[in-house]
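Structure file upload_19.cif with mmCIF, C-alpha atoms:
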```cif
data_structure
loop_
_atom_site.label_atom_id
_atom_site.label_comp_id
_atom_site.auth_asym_id
_atom_site.auth_seq_id
_atom_site.Cartn_x
_atom_site.Cartn_y
_atom_site.Cartn_z
CA ALA U 1458 136.24 -32.87 6.17
CA VAL U 1459 135.24 -29.89 8.32
CA LEU U 1460 133.28 -30.33 11.52
CA ALA U 1461 131.94 -27.17 13.15
CA PRO U 1462 128.86 -25.53 14.68
CA ALA U 1463 126.66 -23.93 12.02
CA SER U 1464 127.18 -20.42 13.44
CA SER U 1465 130.86 -20.62 12.50
CA VAL U 1466 130.30 -21.47 8.82
CA ALA U 1467 131.30 -18.63 6.47
CA PRO U 1468 129.53 -16.86 3.68
CA PRO U 1469 117.29 -29.98 2.25
CA SER U 1470 108.75 -45.05 5.37
CA LYS U 1471 111.14 -46.61 7.72
CA LEU U 1472 114.18 -48.65 6.94
CA GLY U 1473 116.55 -50.87 8.86
CA ARG U 1474 116.22 -52.78 12.08
CA PRO U 1475 114.60 -51.88 15.41
CA LEU U 1476 116.41 -49.20 17.38
CA VAL U 1477 119.83 -50.19 18.66
CA GLY U 1478 120.38 -50.41 22.37
CA THR U 1479 116.94 -49.41 23.63
CA MET U 1480 117.18 -52.16 26.28
CA SER U 1481 120.84 -51.56 27.00
CA ARG U 1482 122.46 -49.46 29.73
CA LYS U 1483 124.78 -47.94 27.17
CA PRO U 1484 123.55 -44.47 26.15
CA VAL U 1485 121.99 -44.44 22.69
CA THR U 1486 123.15 -41.68 20.36
CA THR U 1487 121.08 -40.76 17.32
CA GLY U 1488 122.28 -38.49 14.56
CA VAL U 1489 119.51 -36.42 12.99
CA TRP U 1490 120.54 -35.43 9.48
CA PHE U 1491 118.93 -32.11 8.56
CA ARG U 1492 118.61 -31.76 4.80
CA LYS U 1493 115.76 -29.86 3.13
CA CYS U 1494 113.79 -29.59 6.35
CA LEU U 1495 115.71 -26.89 8.26
CA ARG U 1496 113.13 -26.53 11.01
CA LEU U 1497 112.28 -28.10 14.36
CA HIS U 1498 108.52 -28.36 13.90
CA ASP U 1499 107.02 -30.84 11.41
CA ASN U 1500 110.22 -32.84 11.75
CA LEU U 1501 109.46 -36.54 12.23
CA PRO U 1502 113.13 -37.70 12.40
CA LEU U 1503 113.86 -35.23 15.21
CA VAL U 1504 110.73 -36.12 17.18
CA ALA U 1505 111.48 -39.84 16.88
CA ALA U 1506 115.11 -39.33 17.94
CA CYS U 1507 114.06 -37.34 21.00
CA LYS U 1508 111.74 -40.14 22.11
CA ASP U 1509 114.16 -43.04 21.64
CA SER U 1510 117.63 -41.63 22.38
CA ASP U 1511 119.79 -40.54 25.29
CA CYS U 1512 121.83 -38.22 23.07
CA VAL U 1513 120.76 -36.48 19.86
CA VAL U 1514 123.24 -34.95 17.40
CA PRO U 1515 121.61 -32.56 14.89
CA PHE U 1516 123.84 -32.13 11.83
CA PHE U 1517 123.90 -30.86 8.26
CA ILE U 1518 126.25 -31.81 5.42
CA LEU U 1519 127.53 -29.29 2.89
CA ASP U 1520 127.64 -31.71 -0.02
CA PRO U 1521 130.09 -30.73 -2.81
CA HIS U 1522 127.63 -32.27 -5.31
CA PHE U 1523 125.61 -29.09 -4.87
CA ASP U 1524 128.38 -26.68 -5.83
CA ARG U 1525 128.08 -23.19 -7.31
CA SER U 1526 127.29 -24.66 -10.72
CA ARG U 1527 124.04 -26.04 -9.26
CA VAL U 1528 123.25 -23.51 -6.53
CA GLY U 1529 122.94 -19.77 -7.13
CA VAL U 1530 124.47 -17.10 -4.88
CA GLN U 1531 121.17 -16.02 -3.33
CA ARG U 1532 120.04 -19.58 -2.68
CA TYR U 1533 123.35 -20.45 -1.04
CA ALA U 1534 123.21 -17.29 1.11
CA PHE U 1535 119.69 -18.23 2.21
CA LEU U 1536 120.90 -21.73 3.10
CA LEU U 1537 123.67 -20.34 5.33
CA GLU U 1538 121.24 -17.93 6.96
CA SER U 1539 118.83 -20.79 7.66
CA LEU U 1540 121.62 -22.93 9.16
CA ARG U 1541 122.67 -20.12 11.47
CA ASP U 1542 119.07 -19.55 12.54
CA LEU U 1543 118.59 -23.26 13.24
CA ASP U 1544 121.83 -23.39 15.24
CA ASN U 1545 120.83 -20.33 17.25
CA THR U 1546 117.44 -21.84 18.07
CA LEU U 1547 119.00 -25.13 19.16
CA SER U 1548 121.50 -23.27 21.31
CA GLU U 1549 119.12 -20.79 22.93
CA LYS U 1550 116.08 -23.02 23.48
CA TYR U 1551 117.52 -26.52 23.81
CA ASN U 1552 121.14 -26.09 24.93
CA SER U 1553 122.19 -28.02 21.83
CA ARG U 1554 124.02 -27.15 18.59
CA LEU U 1555 123.81 -27.85 14.87
CA LEU U 1556 126.99 -29.46 13.58
CA VAL U 1557 127.94 -28.76 9.98
CA LEU U 1558 130.04 -31.28 8.09
CA GLN U 1559 131.61 -30.49 4.74
CA GLY U 1560 132.41 -33.21 2.24
CA ASP U 1561 131.02 -36.29 0.54
CA PRO U 1562 128.16 -37.67 2.70
CA GLU U 1563 129.17 -41.29 2.19
CA LYS U 1564 132.78 -40.71 3.21
CA LEU U 1565 131.78 -38.62 6.23
CA LEU U 1566 129.19 -41.10 7.46
CA ARG U 1567 131.51 -44.06 6.88
CA GLN U 1568 133.98 -42.40 9.24
CA ILE U 1569 131.26 -41.77 11.83
CA PHE U 1570 129.87 -45.31 11.55
CA SER U 1571 133.35 -46.78 12.03
CA GLY U 1572 133.42 -45.39 15.57
CA LYS U 1573 137.02 -44.18 15.27
CA GLY U 1574 136.36 -40.46 15.78
CA LYS U 1575 134.69 -38.25 18.38
CA LEU U 1576 131.37 -38.45 16.58
CA GLN U 1577 129.66 -41.86 16.84
CA PHE U 1578 126.07 -42.88 16.08
CA ASP U 1579 123.97 -45.85 17.11
CA ASN U 1580 121.13 -44.61 14.89
CA LEU U 1581 120.82 -42.29 11.90
CA PHE U 1582 117.48 -40.61 11.22
CA PHE U 1583 116.65 -38.37 8.26
CA GLU U 1584 113.80 -37.19 6.05
CA PHE U 1585 113.12 -39.12 2.85
CA ASP U 1586 114.18 -37.33 -0.33
CA SER U 1587 112.63 -38.49 -3.61
CA GLU U 1588 115.14 -36.81 -5.96
CA PRO U 1589 117.15 -39.35 -8.03
CA TYR U 1590 120.54 -38.28 -6.63
CA ALA U 1591 119.26 -38.50 -3.06
CA VAL U 1592 117.58 -41.89 -3.57
CA GLN U 1593 120.82 -43.46 -4.85
CA ARG U 1594 122.91 -41.78 -2.16
CA ASP U 1595 120.60 -42.92 0.62
CA MET U 1596 120.60 -46.51 -0.63
CA ARG U 1597 124.39 -46.56 -0.40
CA ILE U 1598 124.32 -44.97 3.06
CA GLN U 1599 121.75 -47.54 4.18
CA GLY U 1600 124.21 -50.24 3.12
CA LEU U 1601 127.05 -48.54 5.00
CA ALA U 1602 124.92 -48.31 8.13
CA ASP U 1603 123.95 -51.97 7.93
CA SER U 1604 127.57 -53.04 7.53
CA HIS U 1605 128.55 -51.14 10.69
CA GLY U 1606 125.56 -52.16 12.81
CA VAL U 1607 124.00 -48.69 12.77
CA THR U 1608 120.22 -48.42 12.50
CA CYS U 1609 119.18 -46.18 9.61
CA LYS U 1610 115.62 -44.82 9.31
CA SER U 1611 114.06 -42.43 6.84
CA PHE U 1612 110.78 -40.61 7.50
CA SER U 1613 108.26 -39.02 5.20
CA GLY U 1614 107.88 -35.27 5.60
CA HIS U 1615 109.32 -33.25 2.72
CA THR U 1616 106.29 -34.10 0.59
CA ILE U 1617 102.63 -34.02 1.61
CA LEU U 1618 102.24 -37.68 0.69
CA ASP U 1619 104.49 -40.59 1.57
CA MET U 1620 106.02 -41.20 -1.86
CA ASN U 1621 106.81 -44.84 -1.10
CA VAL U 1622 103.15 -45.50 -0.25
CA VAL U 1623 102.03 -43.77 -3.45
CA LYS U 1624 104.48 -45.80 -5.58
CA GLU U 1625 103.35 -49.04 -3.93
CA GLN U 1626 99.70 -48.25 -4.63
CA ILE U 1627 100.46 -47.35 -8.26
CA GLY U 1628 102.48 -50.54 -8.63
CA SER U 1629 99.66 -52.66 -7.22
CA GLY U 1630 97.06 -50.98 -9.43
CA THR U 1631 95.23 -49.34 -6.53
CA LEU U 1632 96.05 -45.93 -7.97
CA LYS U 1633 96.58 -44.80 -11.55
CA ARG U 1634 99.77 -42.95 -12.36
CA PRO U 1635 98.86 -39.23 -12.42
CA THR U 1636 99.40 -37.41 -15.71
CA ASP U 1637 97.70 -34.05 -15.06
CA MET U 1638 96.53 -31.85 -12.18
CA LYS U 1639 93.11 -33.49 -11.97
CA SER U 1640 94.63 -36.95 -11.59
CA ILE U 1641 97.08 -35.59 -8.98
CA GLN U 1642 94.10 -34.27 -7.01
CA LYS U 1643 92.50 -37.72 -7.18
CA VAL U 1644 95.66 -39.27 -5.73
CA MET U 1645 95.68 -36.67 -2.91
CA ILE U 1646 92.04 -37.35 -2.07
CA ASN U 1647 92.55 -41.12 -2.22
CA VAL U 1648 95.52 -41.05 0.16
CA LEU U 1649 94.58 -38.19 2.49
CA GLY U 1650 90.81 -38.48 2.38
CA SER U 1651 88.48 -35.56 1.81
CA SER U 1652 85.58 -33.66 3.31
CA GLY U 1653 83.29 -32.49 0.54
CA GLU U 1654 85.48 -30.65 -1.94
CA SER U 1655 88.31 -30.05 0.55
CA ILE U 1656 91.34 -32.28 1.00
CA LYS U 1657 92.23 -33.11 4.59
CA VAL U 1658 95.49 -31.37 5.41
CA PRO U 1659 97.90 -33.32 7.65
CA ALA U 1660 98.02 -32.00 11.21
CA ASP U 1661 100.98 -29.88 12.30
CA LEU U 1662 103.70 -31.59 14.30
CA PRO U 1663 105.05 -29.25 16.99
CA ALA U 1664 108.72 -29.00 17.82
CA PRO U 1665 109.82 -31.35 20.61
CA PRO U 1666 109.59 -29.73 24.06
CA LYS U 1667 113.05 -31.04 24.91
CA ILE U 1668 116.01 -32.30 22.89
CA PRO U 1669 118.47 -34.73 24.53
CA PRO U 1670 122.04 -33.44 24.92
CA LEU U 1671 124.75 -33.91 22.34
CA GLY U 1672 126.70 -36.06 24.76
CA LYS U 1673 130.36 -35.95 25.70
CA GLY U 1674 132.87 -35.56 22.89
CA LYS U 1675 130.31 -34.65 20.24
CA LEU U 1676 131.82 -31.21 19.55
CA PRO U 1677 135.34 -30.89 18.13
#
```
Starting from the coordinates I provided, produce the structure as structure tokens.
Amino acid sequence: AVLAPASSVAPPSKLGRPLVGTMSRKPVTTGVWFRKCLRLHDNLPLVAACKDSDCVVPFFILDPHFDRSRVGVQRYAFLLESLRDLDNTLSEKYNSRLLVLQGDPEKLLRQIFSGKGKLQFDNLFFEFDSEPYAVQRDMRIQGLADSHGVTCKSFSGHTILDMNVVKEQIGSGTLKRPTDMKSIQKVMINVLGSSGESIKVPADLPAPPKIPPLGKGKLP
């Protein structure tokens, strides 16, 4: 596995228990896993981590599942450019860094959760991803976190609607499963509410004014 600041890299509902250690004197470290949301505004996991943690570790994982057979050259170049931009913003405005890990997410996080390396988390926050690969991966990571006493939370944000809420309402019969654009619009209006013919757009969430430090030993 490779652990490095993003600028050095060459050419994307709540789960778990209450936050760990919020009443303890021991500093609480939260890892914020950047995935599809490579921005600081409209980032619920980051905002929550900044409120509840003494140290915040922003990180991204270059997952070999998304190799060149699945990701084109231009898309990969844009990803690297976005990671560098995010790292620069964290460094210049918040005196923080974006760490980039390379390897299988489960293996990397198992190592972090074990507490044997420099990087250790009390909490792991990330944005919910509804893609089948991500759903299965996150279920396994949730289990790893539970087995190591690490609180794991996912937050809605990549989609306009909270997909878990929508699925629950469809399952209970409150909503009908959408099959065309008109039925999708009905779901949007039902969940978000509407004013006349306009759907209420969720309010913007500004970037946090301050991000807690990485903490000692968080950089290799």
| remark: Nearest to Val1513 of chain U, restricted to all atoms listed in the file and choosing among U:Val1658, U:Leu1543, U:Leu1601, U:Leu1581, comes out as U:Leu1581
| task | Could you tell me which residues the PyMOL selection byres ((chain U and resi 1606) around 10) grabs in this file, written as a PyMOL selection string? | result | chain U and resi 1473-1474+1477+1570-1571+1578-1580+1600-1605+1607-1609
| said: Quick one: residues within 12 Å of segment 1619-1622 of chain U, all atoms listed in the file, excluding same-chain residues fewer than 2 positions away - as number ranges by chain? | reply: U: 1470-1472, 1584-1588, 1592, 1611-1617, 1624-1629, 1631-1632, 1644-1645, 1647-1649, 1659
Can I get the selected residues back with C-alpha atoms, as a PDB file, in the frame of the given file?
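Okay, result-v5.pdb is ready:
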```
ATOM      1  CA  SER U1470     108.750 -45.050   5.370  1.00  0.00           C
ATOM      2  CA  LYS U1471     111.140 -46.610   7.720  1.00  0.00           C
ATOM      3  CA  LEU U1472     114.180 -48.650   6.940  1.00  0.00           C
ATOM      4  CA  GLU U1584     113.800 -37.190   6.050  1.00  0.00           C
ATOM      5  CA  PHE U1585     113.120 -39.120   2.850  1.00  0.00           C
ATOM      6  CA  ASP U1586     114.180 -37.330  -0.330  1.00  0.00           C
ATOM      7  CA  SER U1587     112.630 -38.490  -3.610  1.00  0.00           C
ATOM      8  CA  GLU U1588     115.140 -36.810  -5.960  1.00  0.00           C
ATOM      9  CA  VAL U1592     117.580 -41.890  -3.570  1.00  0.00           C
ATOM     10  CA  SER U1611     114.060 -42.430   6.840  1.00  0.00           C
ATOM     11  CA  PHE U1612     110.780 -40.610   7.500  1.00  0.00           C
ATOM     12  CA  SER U1613     108.260 -39.020   5.200  1.00  0.00           C
ATOM     13  CA  GLY U1614     107.880 -35.270   5.600  1.00  0.00           C
ATOM     14  CA  HIS U1615     109.320 -33.250   2.720  1.00  0.00           C
ATOM     15  CA  THR U1616     106.290 -34.100   0.590  1.00  0.00           C
ATOM     16  CA  ILE U1617     102.630 -34.020   1.610  1.00  0.00           C
ATOM     17  CA  LYS U1624     104.480 -45.800  -5.580  1.00  0.00           C
ATOM     18  CA  GLU U1625     103.350 -49.040  -3.930  1.00  0.00           C
ATOM     19  CA  GLN U1626      99.700 -48.250  -4.630  1.00  0.00           C
ATOM     20  CA  ILE U1627     100.460 -47.350  -8.260  1.00  0.00           C
ATOM     21  CA  GLY U1628     102.480 -50.540  -8.630  1.00  0.00           C
ATOM     22  CA  SER U1629      99.660 -52.660  -7.220  1.00  0.00           C
ATOM     23  CA  THR U1631      95.230 -49.340  -6.530  1.00  0.00           C
ATOM     24  CA  LEU U1632      96.050 -45.930  -7.970  1.00  0.00           C
ATOM     25  CA  VAL U1644      95.660 -39.270  -5.730  1.00  0.00           C
ATOM     26  CA  MET U1645      95.680 -36.670  -2.910  1.00  0.00           C
ATOM     27  CA  ASN U1647      92.550 -41.120  -2.220  1.00  0.00           C
ATOM     28  CA  VAL U1648      95.520 -41.050   0.160  1.00  0.00           C
ATOM     29  CA  LEU U1649      94.580 -38.190   2.490  1.00  0.00           C
ATOM     30  CA  PRO U1659      97.900 -33.320   7.650  1.00  0.00           C
TER      31      PRO U1659
END
```
Can you report as JSON the centre and edge lengths in Å, to one decimal, of an axis-aligned box around the listed atoms of segment 1541-1556 of chain U padded with 4 Å on each side?
```
{"center_x": 121.5, "center_y": -24.5, "center_z": 18.2, "size_x": 18.9, "size_y": 17.9, "size_z": 21.5}
```
| task | List every protein, DNA or RNA residue that has an atom no more than 9 Å from (122.1, -36.2, 11.6) in the file's coordinate frame, counting only C-alpha atoms, and report them as a PyMOL selection string. | result | chain U and resi 1487-1492+1513-1518+1556+1578+1581-1583
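Residues matched by the PyMOL selection byres ((chain U and resi 1495) around 10) in this file: Pro1469, Trp1490, Phe1491, Arg1492, Lys1493, Cys1494, Arg1496, Leu1497, His1498, Asn1500, Phe1517, Leu1536, Ser1539, Leu1540, Asp1542, Leu1543 and Asp1544 of chain U.
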| request: Point out the residue among U:Ile1668, U:Glu1563, U:Asp1661, U:Val1530 with the least atom-to-atom distance to Asp1499 of chain U, counting only C-alpha atoms. | output: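 Of all the options, U:Asp1661 lies closest to Asp1499 of chain U.
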| remark: Pairwise distance, atom CA of Gln1559 of chain U with atom CA of Met1596 of chain U, equals 20.2 Å
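In this model, the gap between atom CA of Pro1484 of chain U and atom CA of Cys1512 of chain U comes to 7.2 Å.
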| message | Rounded to one decimal, what separation in Å do you get between atom CA of Cys1507 of chain U and atom CA of Lys1667 of chain U? | response |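 If I compute the distance from atom CA of Cys1507 of chain U to atom CA of Lys1667 of chain U, I get 7.5 Å.
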| Selection as an MDAnalysis selection string: residues within 8 Å of (127.2, -32.5, 2.4), counting all atoms listed in the file | chainID U and resid 1517:1522 1558:1562
Write out the residues from the selection above, keeping C-alpha atoms, as a short mmCIF file (atom, residue, chain, number, x, y, z; two decimals), in the coordinates of the input.
```
data_model
loop_
_atom_site.label_atom_id
_atom_site.label_comp_id
_atom_site.auth_asym_id
_atom_site.auth_seq_id
_atom_site.Cartn_x
_atom_site.Cartn_y
_atom_site.Cartn_z
CA PHE U 1517 123.90 -30.86 8.26
CA ILE U 1518 126.25 -31.81 5.42
CA LEU U 1519 127.53 -29.29 2.89
CA ASP U 1520 127.64 -31.71 -0.02
CA PRO U 1521 130.09 -30.73 -2.81
CA HIS U 1522 127.63 -32.27 -5.31
CA LEU U 1558 130.04 -31.28 8.09
CA GLN U 1559 131.61 -30.49 4.74
CA GLY U 1560 132.41 -33.21 2.24
CA ASP U 1561 131.02 -36.29 0.54
CA PRO U 1562 128.16 -37.67 2.70
#
```
| request: May I ask which of the residues U:Thr1546, U:Gln1642, U:Asn1552, U:Gln1599 is the closest one to Arg1567 of chain U, counting all atoms listed in the file? | output: U:Gln1599
| query | Taking into account only C-alpha atoms, which residue in the set U:Leu1501, U:Asp1511, U:Tyr1551, U:Arg1541 is nearest to Pro1666 of chain U? | reply | U:Tyr1551
